[in-house]
>>> print(open('run_32.txt').read())   # compact mmCIF, C-alpha atoms (C1' of nucleotides)
# COMPACT_ATOMS: atom_id res chain seq x y z
CA MET A 1 33.24 48.59 92.85
CA PRO A 2 35.27 48.80 96.03
CA ASN A 3 38.95 48.40 95.34
CA ASN A 4 41.04 46.55 97.90
CA ASP A 5 44.18 48.51 97.02
CA ASN A 6 42.53 51.69 98.24
CA LEU A 7 43.13 50.47 101.78
CA LYS A 8 46.87 50.13 101.26
CA LEU A 9 48.97 52.51 103.28
CA GLU A 10 51.05 53.49 100.26
CA ASN A 11 47.99 54.76 98.43
CA GLN A 12 46.89 57.21 101.08
CA LEU A 13 47.40 60.96 100.74
CA CYS A 14 46.46 61.40 104.38
CA PHE A 15 49.29 59.15 105.54
CA ARG A 16 51.78 61.26 103.62
CA LEU A 17 50.48 64.43 105.22
CA TYR A 18 50.53 62.76 108.63
CA SER A 19 54.10 61.53 108.14
CA LEU A 20 55.31 64.83 106.76
CA THR A 21 53.85 66.79 109.64
CA LYS A 22 55.61 64.54 112.13
CA LEU A 23 58.86 64.78 110.17
CA MET A 24 58.54 68.56 109.99
CA ASN A 25 58.06 68.65 113.75
CA ARG A 26 61.19 66.59 114.29
CA HIS A 27 63.22 69.09 112.29
CA TYR A 28 61.74 72.04 114.16
CA SER A 29 62.03 70.58 117.67
CA PRO A 30 65.79 70.79 118.20
CA VAL A 31 65.92 74.29 116.68
CA LEU A 32 62.98 75.56 118.72
CA LYS A 33 64.31 73.91 121.85
CA GLN A 34 67.07 76.53 121.85
CA LEU A 35 64.34 79.15 122.24
CA GLY A 36 62.50 77.05 124.81
CA LEU A 37 59.50 76.60 122.51
CA THR A 38 57.49 73.70 121.14
CA TYR A 39 56.17 73.90 117.59
CA SER A 40 52.66 74.88 118.72
CA GLN A 41 54.07 77.51 121.03
CA TYR A 42 56.14 78.81 118.11
CA LEU A 43 52.96 79.20 116.05
CA VAL A 44 51.39 81.26 118.82
CA MET A 45 54.52 83.40 119.03
CA LEU A 46 54.43 83.92 115.24
CA VAL A 47 50.96 85.42 115.52
CA LEU A 48 52.01 87.62 118.43
CA TRP A 49 55.21 88.72 116.70
CA GLU A 50 53.20 89.89 113.69
CA HIS A 51 51.80 92.55 116.03
CA ASN A 52 55.38 93.29 116.77
CA ASN A 53 55.36 95.25 120.04
CA THR A 54 54.58 95.03 123.73
CA ARG A 55 51.61 97.39 123.51
CA SER A 56 49.53 95.47 121.00
CA VAL A 57 47.10 92.95 122.28
CA VAL A 58 45.62 89.79 120.81
CA SER A 59 42.69 87.89 122.26
CA VAL A 60 42.68 84.16 122.86
CA LYS A 61 39.75 84.07 120.45
CA HIS A 62 41.83 85.67 117.70
CA LEU A 63 44.66 83.20 118.27
CA GLY A 64 42.15 80.36 118.06
CA ASP A 65 40.76 81.69 114.79
CA LYS A 66 44.20 82.20 113.26
CA LEU A 67 45.59 78.83 114.30
CA ASP A 68 42.34 76.86 114.24
CA LEU A 69 42.75 75.76 117.85
CA ASP A 70 40.21 75.77 120.65
CA SER A 71 40.54 76.97 124.22
CA GLY A 72 41.17 73.43 125.42
CA THR A 73 44.47 73.55 123.57
CA LEU A 74 45.28 77.23 123.95
CA SER A 75 44.51 77.81 127.62
CA PRO A 76 47.18 75.48 129.05
CA LEU A 77 49.64 76.35 126.28
CA LEU A 78 49.34 80.08 127.00
CA LYS A 79 49.75 79.45 130.73
CA ARG A 80 53.03 77.68 130.00
CA LEU A 81 54.26 80.63 127.92
CA GLU A 82 53.15 82.99 130.69
CA LYS A 83 55.13 80.95 133.21
CA GLN A 84 58.16 81.39 130.94
CA ASP A 85 57.52 85.14 131.09
CA LEU A 86 57.04 85.44 127.33
CA LEU A 87 53.53 86.86 127.56
CA SER A 88 50.83 88.04 129.95
CA ARG A 89 47.15 87.11 130.13
CA VAL A 90 44.78 89.89 131.13
CA ARG A 91 41.02 89.84 131.06
CA ASN A 92 39.57 92.56 128.85
CA SER A 93 37.83 95.18 130.99
CA ASN A 94 35.40 96.12 128.21
CA ASP A 95 34.33 92.53 127.67
CA GLU A 96 35.11 90.35 130.64
CA ARG A 97 34.61 87.19 128.60
CA SER A 98 37.71 87.92 126.58
CA VAL A 99 41.33 87.40 127.64
CA GLU A 100 43.99 89.53 126.00
CA ILE A 101 47.49 88.25 125.35
CA LYS A 102 50.37 90.71 125.40
CA LEU A 103 54.03 90.02 124.72
CA THR A 104 56.48 90.79 127.50
CA GLN A 105 59.85 92.37 126.74
CA ALA A 106 61.39 88.92 126.74
CA GLY A 107 58.68 87.61 124.42
CA CYS A 108 59.25 90.51 122.07
CA GLN A 109 63.00 90.05 122.08
CA LEU A 110 62.78 86.34 121.37
CA LYS A 111 61.76 87.23 117.82
CA ALA A 112 65.34 88.18 117.00
CA GLN A 113 66.44 84.65 117.82
CA ALA A 114 63.76 83.17 115.54
CA ILE A 115 64.47 85.33 112.51
CA ASN A 116 66.54 82.72 110.68
CA ILE A 117 64.41 79.70 111.42
CA PRO A 118 62.20 79.92 108.30
CA ALA A 119 65.19 80.02 105.95
CA GLN A 120 66.83 77.21 107.87
CA MET A 121 63.73 75.03 107.60
CA PHE A 122 63.28 75.88 103.95
CA SER A 123 66.75 74.54 103.25
CA VAL A 124 65.74 71.24 104.85
CA THR A 125 63.01 70.80 102.23
CA GLY A 126 65.54 70.85 99.40
CA MET A 127 62.95 72.57 97.25
CA SER A 128 63.28 75.48 94.87
CA ILE A 129 61.30 78.65 95.50
CA ASP A 130 59.12 77.79 92.52
CA ASP A 131 58.41 74.27 93.73
CA LEU A 132 57.58 75.63 97.16
CA GLN A 133 55.22 78.16 95.65
CA GLY A 134 53.54 75.47 93.58
CA LEU A 135 53.08 73.14 96.50
CA THR A 136 51.81 75.96 98.70
CA THR A 137 49.16 76.83 96.15
CA GLN A 138 47.98 73.23 95.92
CA LEU A 139 47.78 72.87 99.68
CA ASP A 140 45.83 76.13 99.97
CA THR A 141 43.32 74.88 97.43
CA LEU A 142 42.98 71.62 99.32
CA LEU A 143 42.58 73.47 102.63
CA THR A 144 39.85 75.67 101.19
CA THR A 145 37.98 72.73 99.72
CA MET A 146 38.17 70.63 102.85
CA LYS A 147 37.07 73.47 105.10
CA THR A 148 33.85 73.85 103.18
CA ARG A 149 32.73 70.20 103.14
CA MET B 1 69.65 89.38 104.80
CA PRO B 2 66.96 88.08 107.14
CA ASN B 3 63.50 88.86 105.87
CA ASN B 4 60.84 89.72 108.41
CA ASP B 5 58.05 88.36 106.23
CA ASN B 6 59.53 84.90 106.53
CA LEU B 7 58.13 84.74 110.05
CA LYS B 8 54.59 85.41 108.89
CA LEU B 9 52.20 82.52 109.40
CA GLU B 10 50.87 82.81 105.86
CA ASN B 11 54.31 82.18 104.40
CA GLN B 12 54.92 78.89 106.12
CA LEU B 13 54.66 75.54 104.35
CA CYS B 14 54.81 73.75 107.68
CA PHE B 15 51.70 75.55 108.94
CA ARG B 16 49.77 74.39 105.90
CA LEU B 17 50.84 70.80 106.47
CA TYR B 18 49.99 71.11 110.14
CA SER B 19 46.56 72.57 109.40
CA LEU B 20 45.80 70.06 106.67
CA THR B 21 46.69 67.14 108.89
CA LYS B 22 44.35 68.39 111.59
CA LEU B 23 41.61 69.02 109.03
CA MET B 24 42.11 65.56 107.54
CA ASN B 25 41.79 64.08 111.02
CA ARG B 26 38.53 65.93 111.59
CA HIS B 27 37.09 64.42 108.44
CA TYR B 28 38.25 60.94 109.38
CA SER B 29 37.16 61.02 113.02
CA PRO B 30 33.38 60.80 112.64
CA VAL B 31 33.71 58.11 109.96
CA LEU B 32 36.20 56.05 111.97
CA LYS B 33 34.14 56.50 115.12
CA GLN B 34 31.56 54.18 113.58
CA LEU B 35 34.24 51.49 113.54
CA GLY B 36 35.41 52.42 117.04
CA LEU B 37 38.82 53.56 115.76
CA THR B 38 40.96 56.66 116.01
CA TYR B 39 43.01 57.71 113.00
CA SER B 40 46.22 56.25 114.41
CA GLN B 41 44.46 53.02 115.25
CA TYR B 42 43.12 52.97 111.69
CA LEU B 43 46.68 53.22 110.35
CA VAL B 44 47.69 50.21 112.44
CA MET B 45 44.69 48.28 111.18
CA LEU B 46 45.59 49.18 107.57
CA VAL B 47 48.98 47.54 108.01
CA LEU B 48 47.42 44.47 109.62
CA TRP B 49 44.71 44.23 106.97
CA GLU B 50 47.34 44.15 104.25
CA HIS B 51 48.30 40.77 105.69
CA ASN B 52 44.68 40.00 105.31
CA ASN B 53 44.07 36.95 107.55
CA THR B 54 44.04 35.76 111.15
CA ARG B 55 47.07 33.51 110.67
CA SER B 56 49.60 36.13 109.56
CA VAL B 57 51.59 37.90 112.17
CA VAL B 58 53.22 41.30 112.30
CA SER B 59 55.72 42.41 114.94
CA VAL B 60 55.46 45.66 116.85
CA LYS B 61 58.83 46.47 115.30
CA HIS B 62 57.42 46.10 111.80
CA LEU B 63 54.47 48.32 112.65
CA GLY B 64 56.87 50.90 114.03
CA ASP B 65 58.95 50.83 110.87
CA LYS B 66 55.95 51.07 108.58
CA LEU B 67 54.24 53.89 110.47
CA ASP B 68 57.34 55.58 111.85
CA LEU B 69 56.13 55.32 115.43
CA ASP B 70 58.03 54.18 118.50
CA SER B 71 57.00 51.79 121.24
CA GLY B 72 55.99 54.67 123.48
CA THR B 73 53.16 55.37 121.06
CA LEU B 74 52.43 51.85 119.86
CA SER B 75 52.42 49.93 123.14
CA PRO B 76 49.43 51.67 124.73
CA LEU B 77 47.66 51.98 121.36
CA LEU B 78 47.92 48.24 120.73
CA LYS B 79 46.70 47.49 124.24
CA ARG B 80 43.59 49.52 123.53
CA LEU B 81 42.95 47.60 120.32
CA GLU B 82 43.54 44.35 122.20
CA LYS B 83 40.99 45.40 124.81
CA GLN B 84 38.52 45.97 121.94
CA ASP B 85 39.25 42.40 120.85
CA LEU B 86 40.53 43.49 117.42
CA LEU B 87 43.96 41.89 117.86
CA SER B 88 46.12 39.82 120.15
CA ARG B 89 49.65 40.42 121.41
CA VAL B 90 51.85 37.35 121.81
CA ARG B 91 55.55 37.26 122.58
CA ASN B 92 57.55 35.47 119.90
CA SER B 93 58.90 32.19 121.30
CA ASN B 94 61.89 32.21 118.91
CA ASP B 95 62.90 35.72 119.95
CA GLU B 96 61.45 36.71 123.27
CA ARG B 97 62.26 40.36 122.67
CA SER B 98 59.68 40.51 119.89
CA VAL B 99 55.90 40.81 120.29
CA GLU B 100 53.72 39.54 117.46
CA ILE B 101 50.39 41.15 116.62
CA LYS B 102 47.64 38.98 115.16
CA LEU B 103 44.18 40.04 114.00
CA THR B 104 41.23 38.42 115.71
CA GLN B 105 38.15 37.36 113.74
CA ALA B 106 36.52 40.67 114.70
CA GLY B 107 39.63 42.58 113.64
CA CYS B 108 39.66 40.78 110.31
CA GLN B 109 35.98 41.36 109.72
CA LEU B 110 36.22 45.06 110.47
CA LYS B 111 38.01 45.50 107.15
CA ALA B 112 34.74 45.07 105.30
CA GLN B 113 33.35 48.09 107.11
CA ALA B 114 36.38 50.16 106.13
CA ILE B 115 36.43 49.29 102.46
CA ASN B 116 34.70 52.47 101.30
CA ILE B 117 36.51 54.93 103.53
CA PRO B 118 39.35 55.77 101.09
CA ALA B 119 36.93 56.65 98.28
CA GLN B 120 34.80 58.64 100.69
CA MET B 121 37.81 60.63 101.92
CA PHE B 122 39.07 61.15 98.39
CA SER B 123 35.78 62.79 97.50
CA VAL B 124 36.30 65.24 100.36
CA THR B 125 39.50 66.48 98.74
CA GLY B 126 37.63 67.56 95.61
CA MET B 127 40.71 66.62 93.60
CA SER B 128 41.02 64.80 90.32
CA ILE B 129 42.95 61.54 90.17
CA ASP B 130 45.69 63.33 88.24
CA ASP B 131 45.97 66.14 90.78
CA LEU B 132 46.09 63.60 93.57
CA GLN B 133 48.82 61.69 91.79
CA GLY B 134 50.81 64.87 91.25
CA LEU B 135 50.52 65.98 94.85
CA THR B 136 51.40 62.51 96.09
CA THR B 137 54.58 62.51 94.04
CA GLN B 138 55.64 65.89 95.39
CA LEU B 139 55.00 64.86 98.97
CA ASP B 140 56.96 61.63 98.46
CA THR B 141 59.92 63.61 97.17
CA LEU B 142 59.71 65.95 100.12
CA LEU B 143 59.46 63.01 102.54
CA THR B 144 62.52 61.37 101.02
CA THR B 145 64.55 64.57 101.16
CA MET B 146 63.62 65.41 104.72
CA LYS B 147 64.30 61.90 105.96
CA THR B 148 67.88 62.10 104.77
CA ARG B 149 68.86 65.43 106.32
C1' DT C 1 83.04 31.36 126.50
C1' DG C 2 82.19 35.62 128.59
C1' DA C 3 81.98 40.70 128.32
C1' DA C 4 80.17 44.35 125.54
C1' DA C 5 77.04 46.03 122.35
C1' DT C 6 72.71 45.90 120.16
C1' DT C 7 67.85 45.15 119.83
C1' DA C 8 62.73 44.96 121.14
C1' DG C 9 59.52 46.46 123.91
C1' DG C 10 57.66 48.78 128.00
C1' DT C 11 57.14 52.82 131.37
C1' DT C 12 57.00 57.56 132.79
C1' DG C 13 56.42 62.28 132.01
C1' DT C 14 55.35 66.39 129.00
C1' DG C 15 52.70 68.68 125.67
C1' DC C 16 49.47 68.97 122.33
C1' DA C 17 44.45 68.30 119.99
C1' DC C 18 39.90 67.99 120.75
C1' DA C 19 35.25 66.51 122.57
C1' DA C 20 32.21 67.58 126.15
C1' DT C 21 30.87 70.24 129.85
C1' DT C 22 30.79 74.34 132.86
C1' DT C 23 30.78 79.22 134.15
C1' DA C 24 30.33 83.83 133.50
C1' DA C 25 29.56 87.75 130.58
C1' DT C 26 27.22 89.83 126.85
C1' DT C 27 23.72 90.27 123.26
C1' DT C 28 19.26 89.41 121.35
C1' DT C 29 14.49 88.92 121.60
C1' DT C 30 10.12 89.36 123.35
C1' DA D 1 13.40 94.96 131.77
C1' DA D 2 13.39 89.93 131.95
C1' DA D 3 14.11 85.63 129.57
C1' DA D 4 16.57 83.26 126.07
C1' DA D 5 20.41 82.72 123.22
C1' DT D 6 25.09 83.39 122.22
C1' DT D 7 29.87 83.99 123.18
C1' DA D 8 34.67 83.46 125.40
C1' DA D 9 37.42 80.81 128.36
C1' DA D 10 38.43 77.28 131.37
C1' DT D 11 38.24 72.48 132.91
C1' DT D 12 38.14 67.47 132.51
C1' DG D 13 39.10 63.35 130.21
C1' DT D 14 40.98 60.54 126.23
C1' DG D 15 44.42 59.48 122.99
C1' DC D 16 48.31 60.29 120.54
C1' DA D 17 53.70 61.53 119.80
C1' DC D 18 57.93 61.41 121.59
C1' DA D 19 61.96 61.98 124.77
C1' DA D 20 64.27 59.64 128.33
C1' DC D 21 64.96 55.79 130.71
C1' DC D 22 64.63 50.78 131.94
C1' DT D 23 64.65 45.69 131.41
C1' DA D 24 65.43 41.58 129.26
C1' DA D 25 66.84 38.94 125.34
C1' DT D 26 69.99 38.27 121.66
C1' DT D 27 74.11 38.99 118.97
C1' DT D 28 78.90 40.17 118.37
C1' DC D 29 83.49 39.46 119.09
C1' DA D 30 87.69 39.72 121.84
>>> encode(input="run_32.txt", output="structure tokens")
Amino acid sequence: MPNNDNLKLENQLCFRLYSLTKLMNRHYSPVLKQLGLTYSQYLVMLVLWEHNNTRSVVSVKHLGDKLDLDSGTLSPLLKRLEKQDLLSRVRNSNDERSVEIKLTQAGCQLKAQAINIPAQMFSVTGMSIDDLQGLTTQLDTLLTTMKTR
Amino acid sequence: MPNNDNLKLENQLCFRLYSLTKLMNRHYSPVLKQLGLTYSQYLVMLVLWEHNNTRSVVSVKHLGDKLDLDSGTLSPLLKRLEKQDLLSRVRNSNDERSVEIKLTQAGCQLKAQAINIPAQMFSVTGMSIDDLQGLTTQLDTLLTTMKTR
DNA sequence: TGAAATTAGGTTGTGCACAATTTAATTTTT
DNA sequence: AAAAATTAAATTGTGCACAACCTAATTTCA
């Protein structure tokens, strides 16, 4: 039988995730503002920084796969980062459909300024390493399940 | 000492929350589309439905407090719902600064169509009631901590 | 009481997120 | 090889989310 209480805001997992994501963003924003980045731009930079140098190249497609974002989101975002001279966008000569993203010197160097952000944000959670690990595992399970339904 | 791995996407709690929230939204969207609602509009309707009748009244302020949204988000959102004839916006005659939101008949009746959504979404998570309860508790703790820092 | 501070809501501008569509390049199939 | 299908990006349009700012109403208090 349908239960009326199910529709209460307090009983919704999704509302907690929604609220937490907004709250997380509010903690990141002032910190990232010092680097001139938004949270989404920071995520893109994280992927690029994993390749760690100005020679490596990552396609827009790869970024979209990693971050689960489509070109409608990434195209304008990458143009903004290009305008800030953090990266360049060059069409792949082997496959003209693909656009390759490469960090500039400035984009590469920005990593040094971001190095302490994860620890700083972790401290905001007030969690222990073990609790964090536990929560991470649960969220990964949930992500996997929800991706396949 | 700063650890390079901290900047890896896979090690970030925030990225999991961010991804889960988007994924959650993608599961809600097609279901809510049948009611003509977005997820944010659904949240507003949840609050209004808790008051459960066309006589009760909820201020924009109260909605903002409940959902942690400011007038820059709520004002246009409420206008869209008003245009759909789900609610009305009337300035409070006792305090002209305040705007009171009241469900219309249609807005009230829409609740019946939403009654099964929570159970439907719960099934998408693939979780047990106990796991859900456990996760909910952890997220509430995290929300409380992060709100006070 | 009258000035100052606070409060509620609205407006404007920026940046996602994503659906839907378009274009061009590449791959597959016949 | 030509037609059909697929793929990668870009573009357009809608709807948040929020900062910054504005207006008007109310409250506080000197």
>>> interface_residues(input="run_32.txt", of="chain D", to="chain A", cutoff="12 Å", atoms="all atoms listed in the file", output="PyMOL selection string")
chain D and resi 7-13+16-19
>>> residues_around(input="run_32.txt", residues="segment 107-123 of chain B", least_positions_apart="2", cutoff="10 Å", atoms="all atoms listed in the file", output="NGL selection string")
(:A and (1-8 or 11-14 or 146 or 149)) or (:B and (24 or 27-28 or 31-32 or 34-36 or 42 or 45-46 or 48-54 or 81-82 or 84-88 or 102-105 or 125-129 or 132))
>>> interface_residues(input="run_32.txt", of="chain C", to="chain B", cutoff="8 Å", atoms="only C-alpha atoms (C1' of nucleotides)", output="JSON, numbers by chain")
{"C": [7, 8, 9, 10]}
>>> write_last_selection(input="run_32.txt", atoms="C-alpha atoms (C1' of nucleotides)", output="PDB file, keeping the file's coordinate frame")
ATOM      1  C1'  DT C   7      67.850  45.150 119.830  1.00  0.00           C
ATOM      2  C1'  DA C   8      62.730  44.960 121.140  1.00  0.00           C
ATOM      3  C1'  DG C   9      59.520  46.460 123.910  1.00  0.00           C
ATOM      4  C1'  DG C  10      57.660  48.780 128.000  1.00  0.00           C
TER       5       DG C  10
END
>>> atom_distance(input="run_32.txt", atom1="atom CA of Thr21 of chain B", atom2="atom CA of His62 of chain B")
23.8 Å
>>> closest_residue(input="run_32.txt", among="A:Ser19, A:Gln41, A:Ser29, A:Ser56", to="chain B", atoms="all atoms listed in the file")
A:Ser19
>>> closest_residue(input="run_32.txt", among="B:Asp130, B:Asp140, B:Glu100, B:Asp65", to="chain A", atoms="only C-alpha atoms")
B:Asp140
>>> closest_residue(input="run_32.txt", among="A:Leu20, A:Val58, A:Val44, A:Ile101", to="chain B", atoms="all atoms listed in the file")
A:Leu20
>>> build_atoms(input="run_32.txt", residues="segment 72-83 of chain A", atoms="all heavy atoms", output="mmCIF file, keeping the file's coordinate frame")
data_model
loop_
_atom_site.group_PDB
_atom_site.id
_atom_site.type_symbol
_atom_site.label_atom_id
_atom_site.label_comp_id
_atom_site.auth_asym_id
_atom_site.auth_seq_id
_atom_site.Cartn_x
_atom_site.Cartn_y
_atom_site.Cartn_z
ATOM 1 N N GLY A 72 40.639 74.610 124.743
ATOM 2 C CA GLY A 72 41.170 73.430 125.420
ATOM 3 C C GLY A 72 42.641 73.208 125.112
ATOM 4 O O GLY A 72 43.393 72.648 125.920
ATOM 5 N N THR A 73 43.049 73.635 123.941
ATOM 6 C CA THR A 73 44.470 73.550 123.570
ATOM 7 C C THR A 73 45.204 74.825 124.004
ATOM 8 O O THR A 73 46.296 74.746 124.570
ATOM 9 C CB THR A 73 44.610 73.389 122.047
ATOM 10 O OG1 THR A 73 43.915 72.208 121.640
ATOM 11 C CG2 THR A 73 46.072 73.261 121.651
ATOM 12 N N LEU A 74 44.582 75.961 123.723
ATOM 13 C CA LEU A 74 45.280 77.230 123.950
ATOM 14 C C LEU A 74 45.440 77.601 125.414
ATOM 15 O O LEU A 74 46.500 78.105 125.807
ATOM 16 C CB LEU A 74 44.554 78.353 123.195
ATOM 17 C CG LEU A 74 44.766 78.359 121.680
ATOM 18 C CD1 LEU A 74 43.888 79.417 121.021
ATOM 19 C CD2 LEU A 74 46.238 78.608 121.331
ATOM 20 N N SER A 75 44.430 77.377 126.216
ATOM 21 C CA SER A 75 44.510 77.810 127.620
ATOM 22 C C SER A 75 45.759 77.288 128.330
ATOM 23 O O SER A 75 46.547 78.083 128.855
ATOM 24 C CB SER A 75 43.249 77.399 128.378
ATOM 25 O OG SER A 75 42.163 78.198 127.967
ATOM 26 N N PRO A 76 45.964 75.964 128.364
ATOM 27 C CA PRO A 76 47.180 75.480 129.050
ATOM 28 C C PRO A 76 48.467 75.895 128.358
ATOM 29 O O PRO A 76 49.466 76.183 129.015
ATOM 30 C CB PRO A 76 47.014 73.955 129.050
ATOM 31 C CG PRO A 76 45.962 73.648 128.053
ATOM 32 C CD PRO A 76 45.117 74.861 127.914
ATOM 33 N N LEU A 77 48.445 75.943 127.021
ATOM 34 C CA LEU A 77 49.640 76.350 126.280
ATOM 35 C C LEU A 77 50.041 77.783 126.635
ATOM 36 O O LEU A 77 51.219 78.082 126.881
ATOM 37 C CB LEU A 77 49.349 76.219 124.780
ATOM 38 C CG LEU A 77 50.473 76.400 123.780
ATOM 39 C CD1 LEU A 77 50.144 75.686 122.472
ATOM 40 C CD2 LEU A 77 50.749 77.859 123.486
ATOM 41 N N LEU A 78 49.059 78.673 126.690
ATOM 42 C CA LEU A 78 49.340 80.080 127.000
ATOM 43 C C LEU A 78 49.821 80.228 128.451
ATOM 44 O O LEU A 78 50.669 81.076 128.743
ATOM 45 C CB LEU A 78 48.091 80.925 126.755
ATOM 46 C CG LEU A 78 47.712 81.082 125.278
ATOM 47 C CD1 LEU A 78 46.321 81.674 125.132
ATOM 48 C CD2 LEU A 78 48.738 81.934 124.531
ATOM 49 N N LYS A 79 49.287 79.394 129.339
ATOM 50 C CA LYS A 79 49.750 79.450 130.730
ATOM 51 C C LYS A 79 51.218 79.053 130.831
ATOM 52 O O LYS A 79 51.967 79.609 131.634
ATOM 53 C CB LYS A 79 48.900 78.514 131.606
ATOM 54 C CG LYS A 79 47.544 79.089 131.961
ATOM 55 C CD LYS A 79 46.816 78.194 132.946
ATOM 56 C CE LYS A 79 45.418 78.753 133.202
ATOM 57 N NZ LYS A 79 44.627 77.861 134.074
ATOM 58 N N ARG A 80 51.617 78.087 129.995
ATOM 59 C CA ARG A 80 53.030 77.680 130.000
ATOM 60 C C ARG A 80 53.929 78.816 129.495
ATOM 61 O O ARG A 80 54.992 79.077 130.051
ATOM 62 C CB ARG A 80 53.214 76.434 129.124
ATOM 63 C CG ARG A 80 53.046 75.131 129.878
ATOM 64 C CD ARG A 80 53.050 73.916 128.950
ATOM 65 N NE ARG A 80 51.895 73.079 129.236
ATOM 66 C CZ ARG A 80 50.967 72.717 128.371
ATOM 67 N NH1 ARG A 80 51.034 73.114 127.108
ATOM 68 N NH2 ARG A 80 49.959 71.972 128.759
ATOM 69 N N LEU A 81 53.477 79.502 128.454
ATOM 70 C CA LEU A 81 54.260 80.630 127.920
ATOM 71 C C LEU A 81 54.279 81.792 128.923
ATOM 72 O O LEU A 81 55.262 82.521 129.018
ATOM 73 C CB LEU A 81 53.664 81.092 126.582
ATOM 74 C CG LEU A 81 53.823 80.108 125.421
ATOM 75 C CD1 LEU A 81 53.137 80.637 124.165
ATOM 76 C CD2 LEU A 81 55.298 79.833 125.135
ATOM 77 N N GLU A 82 53.183 81.943 129.659
ATOM 78 C CA GLU A 82 53.150 82.990 130.690
ATOM 79 C C GLU A 82 54.151 82.658 131.803
ATOM 80 O O GLU A 82 54.861 83.535 132.281
ATOM 81 C CB GLU A 82 51.738 83.094 131.281
ATOM 82 C CG GLU A 82 51.591 84.261 132.248
ATOM 83 C CD GLU A 82 50.197 84.331 132.870
ATOM 84 O OE1 GLU A 82 49.633 83.260 133.195
ATOM 85 O OE2 GLU A 82 49.679 85.444 133.022
ATOM 86 N N LYS A 83 54.201 81.376 132.166
ATOM 87 C CA LYS A 83 55.130 80.950 133.210
ATOM 88 C C LYS A 83 56.580 81.191 132.787
ATOM 89 O O LYS A 83 57.463 81.456 133.598
ATOM 90 C CB LYS A 83 54.902 79.471 133.546
ATOM 91 C CG LYS A 83 55.433 79.072 134.919
ATOM 92 C CD LYS A 83 55.270 77.573 135.187
ATOM 93 C CE LYS A 83 53.841 77.183 135.508
ATOM 94 N NZ LYS A 83 53.697 75.745 135.822
#
